[in-house]
Amino acid sequence: MPVTSAISPFVVRLKGGLVLDKSTFEYDPGEAKTLQNFEPSIKGGYRRLGGTRKNTSNEISGSGNILGITTIGSTIIAARGASLFKASATSTSASWTTITTARSDAVRYNFDTLNFNGTAKVVGVDDDNYAFTYDGSTYALLNGSAGSGAGTAPANPAHVAVHRGRVFFSGMSADTAEIAYTAILSENDFSAASGGGSLQVPDTIVQLKSFREKLIIFCENSIYQLLGSSPSDFVLSPITRDLGCVDGFSVQEFGSNLVFLAPDGLRTVAATERIGDIELGSLSRNIQTKLEGVAEGATISSVVVKEKNQYRLFFPGTSATEANSEGIIMTQTKDGLSFSTIKGFGPACCTSTVISGDEYVLHGQRSGGYIYRQDQGNTFAEDIDGSSGTSMTAVYQSPDMILGDAGIRKIMQRVILNYEAEGVLDADLYMLYDYEDPDSAQPSAIQLTDIGDVAVYGTAKYGTGVYGTTRGMPLIRQHVVGSGFAVGIKIQDEDGKSPFIIKGFQLGFTPGGRR
């Protein structure tokens, strides 16, 4: 038997997420040099992402990308071409019913919700037509002339926000720095006599968001806030004149702040304890090189996954296939904000909602008319039955670790991997030596397979259970070969099996000679 008493252990707890702004010698062992299609888990460690699956087996008719998606109750509202459609979110065989076919030359949709008279409605804009509302049965244009309408409505708004009982619009082609707003509790009354009106900012507006008692106005090169509840007490003031928002579709409320993509990465608009005071915070220094690669003209979209404390930003290039489309995940864990990258989603638009306690994270297809639900199944773009999906490539790579002394050669003996499987595990483990120096021997991949069901006394069947493991957090003990002055590991999964969480690992080595 080999002598194991001289083996030195080195334990690594996985935390900190993807870090790209440190030198080789600055990394903490639990951080990652590569973390693709893994998500920092709120349970600790890094979890391989679930897949995407059609939310209904039926495709939306028409051609081109899905231009917008939102929900009202348990109903999905989606736009394609000149038409709006609806379907049940909870039925895998739901058919799409046409709401209207008159949204000519629509660009991309922005949505918000309102309830001014006891009826919940979606309000939508598309950068080319009049705004509209839809309450699940009635579609109405906000053109200032129908029903209780009055005044001159904005002809083609691109942005909409419901704030303090009024609907605010911007992005009109006639004046990209104008904000139009309705009378109180009347989404189609734009007359000044009723309290409607407009105001100006000195910059091109890219998004509007209601945030607590403020309307935040994101512009190309600046950000403003509107305080007050009526034209008589509206106060418009700058938050910053030195920093703008790259794309309005990046703006989301996350962690009680507004997150947006700025020229220097992800930032927050954060309220302070002082009334009317706002501060800006930078979030993404760790992964700034990834965001610098966002292509001009990329189809940017974003979504918040509440049950995972996550913000997801997608930025596929205009010519990128879905398989090559990229994005990032930002997760609020107990250790702070952690990042990872996404590759293979490529949505055209996103939304999320909770129906009967179950969160639905939905996106519209860029190259077809299907709506997909994220975090379902094991592969990308699965059919309803889980078939025909495209396998994702998920990669975790650790820093290069000197294990205490950079001058001592480490002769590796074993790796003990602490993991939590959600089904069948089938991944590859690579040992990486001396910073992946091609002149150093790099061993072949080691296949990691699930150890099977844990044996529980009184229920396990002899010959099928596994003795001596910890239920829920098993360990894989894997003998390895090779040596080096610095050691790293890489875990790669591309076989389309179930997600799993890597909690941590222990390296066992014996000291060799000093160089």
# chains A, B, ... in the order shown; residues from 1 in each chain; ligands from 1
$ residues_around --residues "region 410-423 of chain A" --least-positions-apart "6" --cutoff "9 Å" --atoms "only C-alpha atoms" --output "count of residues only"
40
$ select_by_dssp --residues "region 310-342 of chain A" --states "strand (DSSP E or B)" --output "ChimeraX atom specification"
/A:310-314,326-333,336-342
$ closest_residue --among "A:Glu31, A:Asp264, A:Asp428, A:Glu382" --to "Gln288 (chain A)" --atoms "only C-alpha atoms"
A:Asp264
$ closest_residue --among "A:Ser57, A:Arg285, A:Asn37, A:Phe116" --to "Leu20 (chain A)" --atoms "only C-alpha atoms"
A:Arg285
$ closest_residue --among "A:Pro202, A:Gly327, A:Gly346, A:Gly389" --to "Gly377 (chain A)" --atoms "only C-alpha atoms"
A:Gly389
$ residues_around --residues "region 436-449 of chain A" --least-positions-apart "3" --cutoff "7 Å" --atoms "only C-alpha atoms" --output "list in words"
Leu425, Asp426, Ala427, Asp428, Leu429, Tyr430, Met431, Leu432, Tyr433 and Gly482 of chain A
$ closest_residue --among "A:Asn117, A:Ser356, A:Thr70, A:Asn324" --to "Lys86 (chain A)" --atoms "only C-alpha atoms"
A:Thr70
$ residues_around --residues "Leu67 (chain A)" --least-positions-apart "3" --cutoff "8 Å" --atoms "only C-alpha atoms" --output "PDB file with all heavy atoms, in the first residue's frame"
ATOM      1  N   ALA A  78     -46.514  38.564 -25.875  1.00  0.00           N
ATOM      2  CA  ALA A  78     -45.294  38.602 -26.683  1.00  0.00           C
ATOM      3  C   ALA A  78     -45.568  39.311 -27.991  1.00  0.00           C
ATOM      4  O   ALA A  78     -46.687  39.281 -28.516  1.00  0.00           O
ATOM      5  CB  ALA A  78     -44.779  37.186 -26.939  1.00  0.00           C
ATOM      6  N   ALA A  79     -44.531  39.951 -28.516  1.00  0.00           N
ATOM      7  CA  ALA A  79     -44.641  40.698 -29.770  1.00  0.00           C
ATOM      8  C   ALA A  79     -43.716  40.096 -30.807  1.00  0.00           C
ATOM      9  O   ALA A  79     -42.559  39.755 -30.520  1.00  0.00           O
ATOM     10  CB  ALA A  79     -44.288  42.164 -29.544  1.00  0.00           C
ATOM     11  N   ARG A  80     -44.240  39.959 -32.022  1.00  0.00           N
ATOM     12  CA  ARG A  80     -43.423  39.525 -33.159  1.00  0.00           C
ATOM     13  C   ARG A  80     -43.945  40.215 -34.412  1.00  0.00           C
ATOM     14  O   ARG A  80     -45.140  40.172 -34.686  1.00  0.00           O
ATOM     15  CB  ARG A  80     -43.468  38.010 -33.320  1.00  0.00           C
ATOM     16  CG  ARG A  80     -42.428  37.473 -34.301  1.00  0.00           C
ATOM     17  CD  ARG A  80     -42.487  35.971 -34.455  1.00  0.00           C
ATOM     18  NE  ARG A  80     -41.335  35.476 -35.189  1.00  0.00           N
ATOM     19  CZ  ARG A  80     -41.214  34.250 -35.673  1.00  0.00           C
ATOM     20  NH1 ARG A  80     -42.189  33.354 -35.477  1.00  0.00           N
ATOM     21  NH2 ARG A  80     -40.136  33.876 -36.346  1.00  0.00           N
ATOM     22  N   GLY A  81     -43.055  40.844 -35.151  1.00  0.00           N
ATOM     23  CA  GLY A  81     -43.487  41.566 -36.329  1.00  0.00           C
ATOM     24  C   GLY A  81     -44.426  42.705 -35.961  1.00  0.00           C
ATOM     25  O   GLY A  81     -44.160  43.486 -35.053  1.00  0.00           O
ATOM     26  N   ALA A 106     -42.828  47.927 -35.722  1.00  0.00           N
ATOM     27  CA  ALA A 106     -42.400  47.967 -34.324  1.00  0.00           C
ATOM     28  C   ALA A 106     -40.911  47.656 -34.205  1.00  0.00           C
ATOM     29  O   ALA A 106     -40.358  46.868 -34.983  1.00  0.00           O
ATOM     30  CB  ALA A 106     -43.210  46.969 -33.507  1.00  0.00           C
ATOM     31  N   VAL A 107     -40.270  48.294 -33.222  1.00  0.00           N
ATOM     32  CA  VAL A 107     -38.839  48.065 -33.005  1.00  0.00           C
ATOM     33  C   VAL A 107     -38.698  47.083 -31.835  1.00  0.00           C
ATOM     34  O   VAL A 107     -38.966  45.908 -31.982  1.00  0.00           O
ATOM     35  CB  VAL A 107     -38.100  49.397 -32.764  1.00  0.00           C
ATOM     36  CG1 VAL A 107     -36.588  49.177 -32.697  1.00  0.00           C
ATOM     37  CG2 VAL A 107     -38.418  50.378 -33.896  1.00  0.00           C
ATOM     38  N   ARG A 108     -38.325  47.557 -30.638  1.00  0.00           N
ATOM     39  CA  ARG A 108     -38.292  46.711 -29.448  1.00  0.00           C
ATOM     40  C   ARG A 108     -39.250  47.294 -28.420  1.00  0.00           C
ATOM     41  O   ARG A 108     -39.429  48.510 -28.344  1.00  0.00           O
ATOM     42  CB  ARG A 108     -36.881  46.608 -28.854  1.00  0.00           C
ATOM     43  CG  ARG A 108     -35.905  45.858 -29.723  1.00  0.00           C
ATOM     44  CD  ARG A 108     -34.571  45.699 -29.009  1.00  0.00           C
ATOM     45  NE  ARG A 108     -34.671  44.807 -27.871  1.00  0.00           N
ATOM     46  CZ  ARG A 108     -33.677  44.596 -27.008  1.00  0.00           C
ATOM     47  NH1 ARG A 108     -32.533  45.245 -27.134  1.00  0.00           N
ATOM     48  NH2 ARG A 108     -33.824  43.760 -25.993  1.00  0.00           N
ATOM     49  N   TYR A 109     -39.820  46.417 -27.620  1.00  0.00           N
ATOM     50  CA  TYR A 109     -40.862  46.826 -26.683  1.00  0.00           C
ATOM     51  C   TYR A 109     -40.303  47.066 -25.290  1.00  0.00           C
ATOM     52  O   TYR A 109     -39.414  46.346 -24.813  1.00  0.00           O
ATOM     53  CB  TYR A 109     -41.942  45.747 -26.588  1.00  0.00           C
ATOM     54  CG  TYR A 109     -42.941  45.780 -27.717  1.00  0.00           C
ATOM     55  CD1 TYR A 109     -42.610  45.293 -28.977  1.00  0.00           C
ATOM     56  CD2 TYR A 109     -44.226  46.280 -27.537  1.00  0.00           C
ATOM     57  CE1 TYR A 109     -43.523  45.305 -30.022  1.00  0.00           C
ATOM     58  CE2 TYR A 109     -45.150  46.299 -28.569  1.00  0.00           C
ATOM     59  CZ  TYR A 109     -44.794  45.813 -29.812  1.00  0.00           C
ATOM     60  OH  TYR A 109     -45.702  45.835 -30.836  1.00  0.00           O
ATOM     61  N   ALA A 348     -33.560  37.399 -27.314  1.00  0.00           N
ATOM     62  CA  ALA A 348     -33.877  38.690 -27.914  1.00  0.00           C
ATOM     63  C   ALA A 348     -34.494  39.633 -26.896  1.00  0.00           C
ATOM     64  O   ALA A 348     -34.390  40.854 -27.036  1.00  0.00           O
ATOM     65  CB  ALA A 348     -34.827  38.498 -29.092  1.00  0.00           C
ATOM     66  N   CYS A 349     -35.144  39.083 -25.871  1.00  0.00           N
ATOM     67  CA  CYS A 349     -35.800  39.873 -24.825  1.00  0.00           C
ATOM     68  C   CYS A 349     -36.091  38.939 -23.666  1.00  0.00           C
ATOM     69  O   CYS A 349     -36.148  37.717 -23.841  1.00  0.00           O
ATOM     70  CB  CYS A 349     -37.088  40.520 -25.337  1.00  0.00           C
ATOM     71  SG  CYS A 349     -38.201  39.356 -26.157  1.00  0.00           S
ATOM     72  N   GLY A 364     -37.517  35.466 -25.219  1.00  0.00           N
ATOM     73  CA  GLY A 364     -37.930  35.279 -26.595  1.00  0.00           C
ATOM     74  C   GLY A 364     -36.750  34.931 -27.474  1.00  0.00           C
ATOM     75  O   GLY A 364     -35.639  35.431 -27.286  1.00  0.00           O
TER      76      GLY A 364
END
$ residues_around --residues "Ser340 (chain A)" --least-positions-apart "3" --cutoff "9 Å" --atoms "only C-alpha atoms" --output "NGL selection string"
:A and (17-19 or 32 or 34-40 or 287 or 327-331)
$ write_last_selection --atoms "N, CA and C atoms" --output "PDB file, in the first residue's frame"
ATOM      1  N   GLY A  17     -16.442  33.832  -7.053  1.00  0.00           N
ATOM      2  CA  GLY A  17     -16.836  33.912  -8.446  1.00  0.00           C
ATOM      3  C   GLY A  17     -15.691  34.214  -9.396  1.00  0.00           C
ATOM      4  N   LEU A  18     -16.063  34.623 -10.601  1.00  0.00           N
ATOM      5  CA  LEU A  18     -15.092  34.916 -11.653  1.00  0.00           C
ATOM      6  C   LEU A  18     -14.370  36.218 -11.339  1.00  0.00           C
ATOM      7  N   VAL A  19     -13.044  36.179 -11.434  1.00  0.00           N
ATOM      8  CA  VAL A  19     -12.212  37.360 -11.183  1.00  0.00           C
ATOM      9  C   VAL A  19     -11.209  37.469 -12.326  1.00  0.00           C
ATOM     10  N   ALA A  32     -12.290  32.102  -9.294  1.00  0.00           N
ATOM     11  CA  ALA A  32     -12.206  31.359 -10.546  1.00  0.00           C
ATOM     12  C   ALA A  32     -11.574  32.205 -11.630  1.00  0.00           C
ATOM     13  N   THR A  34     -11.853  30.980 -14.822  1.00  0.00           N
ATOM     14  CA  THR A  34     -12.906  30.750 -15.810  1.00  0.00           C
ATOM     15  C   THR A  34     -14.118  30.219 -15.072  1.00  0.00           C
ATOM     16  N   LEU A  35     -15.290  30.773 -15.351  1.00  0.00           N
ATOM     17  CA  LEU A  35     -16.523  30.295 -14.738  1.00  0.00           C
ATOM     18  C   LEU A  35     -17.637  30.510 -15.763  1.00  0.00           C
ATOM     19  N   GLN A  36     -17.693  29.609 -16.735  1.00  0.00           N
ATOM     20  CA  GLN A  36     -18.632  29.710 -17.849  1.00  0.00           C
ATOM     21  C   GLN A  36     -19.775  28.728 -17.653  1.00  0.00           C
ATOM     22  N   ASN A  37     -20.990  29.251 -17.701  1.00  0.00           N
ATOM     23  CA  ASN A  37     -22.209  28.458 -17.515  1.00  0.00           C
ATOM     24  C   ASN A  37     -22.242  27.747 -16.170  1.00  0.00           C
ATOM     25  N   PHE A  38     -21.536  28.317 -15.209  1.00  0.00           N
ATOM     26  CA  PHE A  38     -21.717  28.023 -13.792  1.00  0.00           C
ATOM     27  C   PHE A  38     -22.285  29.303 -13.173  1.00  0.00           C
ATOM     28  N   GLU A  39     -23.044  29.167 -12.109  1.00  0.00           N
ATOM     29  CA  GLU A  39     -23.548  30.329 -11.396  1.00  0.00           C
ATOM     30  C   GLU A  39     -23.085  30.270  -9.949  1.00  0.00           C
ATOM     31  N   PRO A  40     -22.570  31.367  -9.394  1.00  0.00           N
ATOM     32  CA  PRO A  40     -22.309  31.381  -7.951  1.00  0.00           C
ATOM     33  C   PRO A  40     -23.624  31.095  -7.229  1.00  0.00           C
ATOM     34  N   ILE A 287     -14.801  41.884 -13.508  1.00  0.00           N
ATOM     35  CA  ILE A 287     -14.991  41.288 -14.828  1.00  0.00           C
ATOM     36  C   ILE A 287     -15.074  42.347 -15.919  1.00  0.00           C
ATOM     37  N   GLY A 327     -23.040  36.520 -22.214  1.00  0.00           N
ATOM     38  CA  GLY A 327     -23.654  37.345 -21.185  1.00  0.00           C
ATOM     39  C   GLY A 327     -22.941  37.133 -19.873  1.00  0.00           C
ATOM     40  N   ILE A 328     -23.444  37.785 -18.834  1.00  0.00           N
ATOM     41  CA  ILE A 328     -22.863  37.613 -17.501  1.00  0.00           C
ATOM     42  C   ILE A 328     -23.980  37.407 -16.477  1.00  0.00           C
ATOM     43  N   ILE A 329     -23.620  36.755 -15.380  1.00  0.00           N
ATOM     44  CA  ILE A 329     -24.496  36.585 -14.230  1.00  0.00           C
ATOM     45  C   ILE A 329     -23.846  37.281 -13.044  1.00  0.00           C
ATOM     46  N   MET A 330     -24.626  38.062 -12.315  1.00  0.00           N
ATOM     47  CA  MET A 330     -24.176  38.682 -11.069  1.00  0.00           C
ATOM     48  C   MET A 330     -25.072  38.178  -9.954  1.00  0.00           C
ATOM     49  N   THR A 331     -24.495  37.539  -8.953  1.00  0.00           N
ATOM     50  CA  THR A 331     -25.253  36.922  -7.864  1.00  0.00           C
ATOM     51  C   THR A 331     -24.875  37.559  -6.536  1.00  0.00           C
TER      52      THR A 331
END
$ residues_around --residues "region 257-260 of chain A" --least-positions-apart "3" --cutoff "8 Å" --atoms "only C-alpha atoms" --output "list in words"
Phe211, Cys245, Asp247, Gly248, Ser250, Val251, Gln252, Glu253, Phe254, Leu266, Arg267, Thr268, Val269, Ala270 and Ala271 of chain A
$ select_by_dssp --residues "region 270-326 of chain A" --states "alpha helix (DSSP H)" --output "PyMOL selection string"
chain A and resi 288-291
$ residues_around --residues "Val361 (chain A)" --least-positions-apart "5" --cutoff "8 Å" --atoms "only C-alpha atoms" --output "VMD selection string"
chain A and resid 303 305 350 to 353 373 to 375
$ write_last_selection --atoms "C-alpha atoms" --output "CSV table (one decimal), in the first residue's frame"
chain,number,residue,atom,x,y,z
A,303,VAL,CA,-33.6,39.9,-16.2
A,305,VAL,CA,-34.0,35.9,-11.0
A,350,CYS,CA,-36.4,38.7,-21.3
A,351,THR,CA,-38.9,38.9,-18.4
A,352,SER,CA,-39.5,37.1,-15.1
A,353,THR,CA,-42.6,36.7,-12.9
A,373,ARG,CA,-38.1,29.2,-19.9
A,374,GLN,CA,-34.7,29.4,-18.3
A,375,ASP,CA,-33.3,27.0,-15.7
$ closest_atom_pairs --of "region 342-365 of chain A" --to "region 48-51 of chain A" --cutoff "10 Å" --atoms "only C-alpha atoms" --output "CSV"
residue,atom,partner,partner_atom,distance
A:Ile342,CA,A:Leu49,CA,9.0
A:Gly344,CA,A:Gly51,CA,9.7
A:Phe345,CA,A:Gly51,CA,8.8
$ closest_residue --among "A:Tyr435, A:Ala150, A:Gly336, A:Glu213" --to "Ile42 (chain A)" --atoms "only C-alpha atoms"
A:Gly336
$ atom_distance --atom1 "CA of Leu261 (chain A)" --atom2 "CA of Lys33 (chain A)"
22.7 Å
$ decode --residues "region 103-114 of chain A" --atoms "all heavy atoms" --output "CSV table (one decimal), in the first residue's frame"
chain,number,residue,atom,x,y,z
A,103,ARG,N,-49.5,46.7,-35.1
A,103,ARG,CA,-48.3,47.4,-34.6
A,103,ARG,C,-47.2,47.5,-35.7
A,103,ARG,O,-46.2,46.8,-35.7
A,103,ARG,CB,-47.7,46.7,-33.4
A,103,ARG,CG,-48.7,46.4,-32.3
A,103,ARG,CD,-49.2,47.6,-31.6
A,103,ARG,NE,-48.1,48.3,-30.9
A,103,ARG,CZ,-48.3,49.4,-30.2
A,103,ARG,NH1,-49.5,50.0,-30.2
A,103,ARG,NH2,-47.3,50.0,-29.6
A,104,SER,N,-47.4,48.3,-36.7
A,104,SER,CA,-46.6,48.3,-37.9
A,104,SER,C,-45.2,48.8,-37.6
A,104,SER,O,-45.0,49.8,-36.8
A,104,SER,CB,-47.2,49.2,-39.0
A,104,SER,OG,-47.4,50.5,-38.5
A,105,ASP,N,-44.2,48.2,-38.2
A,105,ASP,CA,-42.8,48.6,-38.0
A,105,ASP,C,-42.3,48.7,-36.6
A,105,ASP,O,-41.4,49.6,-36.3
A,105,ASP,CB,-42.6,50.0,-38.8
A,105,ASP,CG,-42.9,49.9,-40.2
A,105,ASP,OD1,-42.6,48.9,-40.8
A,105,ASP,OD2,-43.5,50.9,-40.8
A,106,ALA,N,-42.8,47.9,-35.7
A,106,ALA,CA,-42.4,48.0,-34.3
A,106,ALA,C,-40.9,47.7,-34.2
A,106,ALA,O,-40.4,46.9,-35.0
A,106,ALA,CB,-43.2,47.0,-33.5
A,107,VAL,N,-40.3,48.3,-33.2
A,107,VAL,CA,-38.8,48.1,-33.0
A,107,VAL,C,-38.7,47.1,-31.8
A,107,VAL,O,-39.0,45.9,-32.0
A,107,VAL,CB,-38.1,49.4,-32.8
A,107,VAL,CG1,-36.6,49.2,-32.7
A,107,VAL,CG2,-38.4,50.4,-33.9
A,108,ARG,N,-38.3,47.6,-30.6
A,108,ARG,CA,-38.3,46.7,-29.4
A,108,ARG,C,-39.2,47.3,-28.4
A,108,ARG,O,-39.4,48.5,-28.3
A,108,ARG,CB,-36.9,46.6,-28.9
A,108,ARG,CG,-35.9,45.9,-29.7
A,108,ARG,CD,-34.6,45.7,-29.0
A,108,ARG,NE,-34.7,44.8,-27.9
A,108,ARG,CZ,-33.7,44.6,-27.0
A,108,ARG,NH1,-32.5,45.2,-27.1
A,108,ARG,NH2,-33.8,43.8,-26.0
A,109,TYR,N,-39.8,46.4,-27.6
A,109,TYR,CA,-40.9,46.8,-26.7
A,109,TYR,C,-40.3,47.1,-25.3
A,109,TYR,O,-39.4,46.3,-24.8
A,109,TYR,CB,-41.9,45.7,-26.6
A,109,TYR,CG,-42.9,45.8,-27.7
A,109,TYR,CD1,-42.6,45.3,-29.0
A,109,TYR,CD2,-44.2,46.3,-27.5
A,109,TYR,CE1,-43.5,45.3,-30.0
A,109,TYR,CE2,-45.2,46.3,-28.6
A,109,TYR,CZ,-44.8,45.8,-29.8
A,109,TYR,OH,-45.7,45.8,-30.8
A,110,ASN,N,-40.9,48.1,-24.6
A,110,ASN,CA,-40.7,48.3,-23.2
A,110,ASN,C,-42.1,48.2,-22.6
A,110,ASN,O,-43.1,48.6,-23.2
A,110,ASN,CB,-40.1,49.7,-22.9
A,110,ASN,CG,-38.6,49.7,-22.8
A,110,ASN,OD1,-38.1,49.1,-21.8
A,110,ASN,ND2,-38.0,50.3,-23.7
A,111,PHE,N,-42.2,47.6,-21.4
A,111,PHE,CA,-43.4,47.4,-20.7
A,111,PHE,C,-43.4,47.9,-19.2
A,111,PHE,O,-42.3,48.0,-18.6
A,111,PHE,CB,-43.8,45.9,-20.7
A,111,PHE,CG,-44.0,45.3,-22.0
A,111,PHE,CD1,-43.0,44.5,-22.6
A,111,PHE,CD2,-45.2,45.4,-22.7
A,111,PHE,CE1,-43.2,43.9,-23.8
A,111,PHE,CE2,-45.4,44.8,-23.9
A,111,PHE,CZ,-44.4,44.1,-24.5
A,112,ASP,N,-44.5,48.2,-18.7
A,112,ASP,CA,-44.7,48.5,-17.3
A,112,ASP,C,-46.1,48.0,-17.0
A,112,ASP,O,-46.9,47.6,-17.9
A,112,ASP,CB,-44.4,49.9,-16.9
A,112,ASP,CG,-44.0,50.0,-15.4
A,112,ASP,OD1,-44.2,49.1,-14.6
A,112,ASP,OD2,-43.5,51.1,-15.1
A,113,THR,N,-46.5,48.1,-15.7
A,113,THR,CA,-47.9,47.7,-15.3
A,113,THR,C,-48.5,48.9,-14.5
A,113,THR,O,-47.8,49.7,-13.9
A,113,THR,CB,-47.9,46.5,-14.4
A,113,THR,OG1,-47.0,46.7,-13.2
A,113,THR,CG2,-47.3,45.3,-15.2
A,114,LEU,N,-49.8,48.9,-14.6
A,114,LEU,CA,-50.6,50.0,-13.8
A,114,LEU,C,-51.9,49.4,-13.4
A,114,LEU,O,-52.4,48.4,-13.9
A,114,LEU,CB,-50.8,51.2,-14.7
A,114,LEU,CG,-51.6,51.1,-16.0
A,114,LEU,CD1,-53.1,51.2,-15.8
A,114,LEU,CD2,-51.2,52.1,-17.0
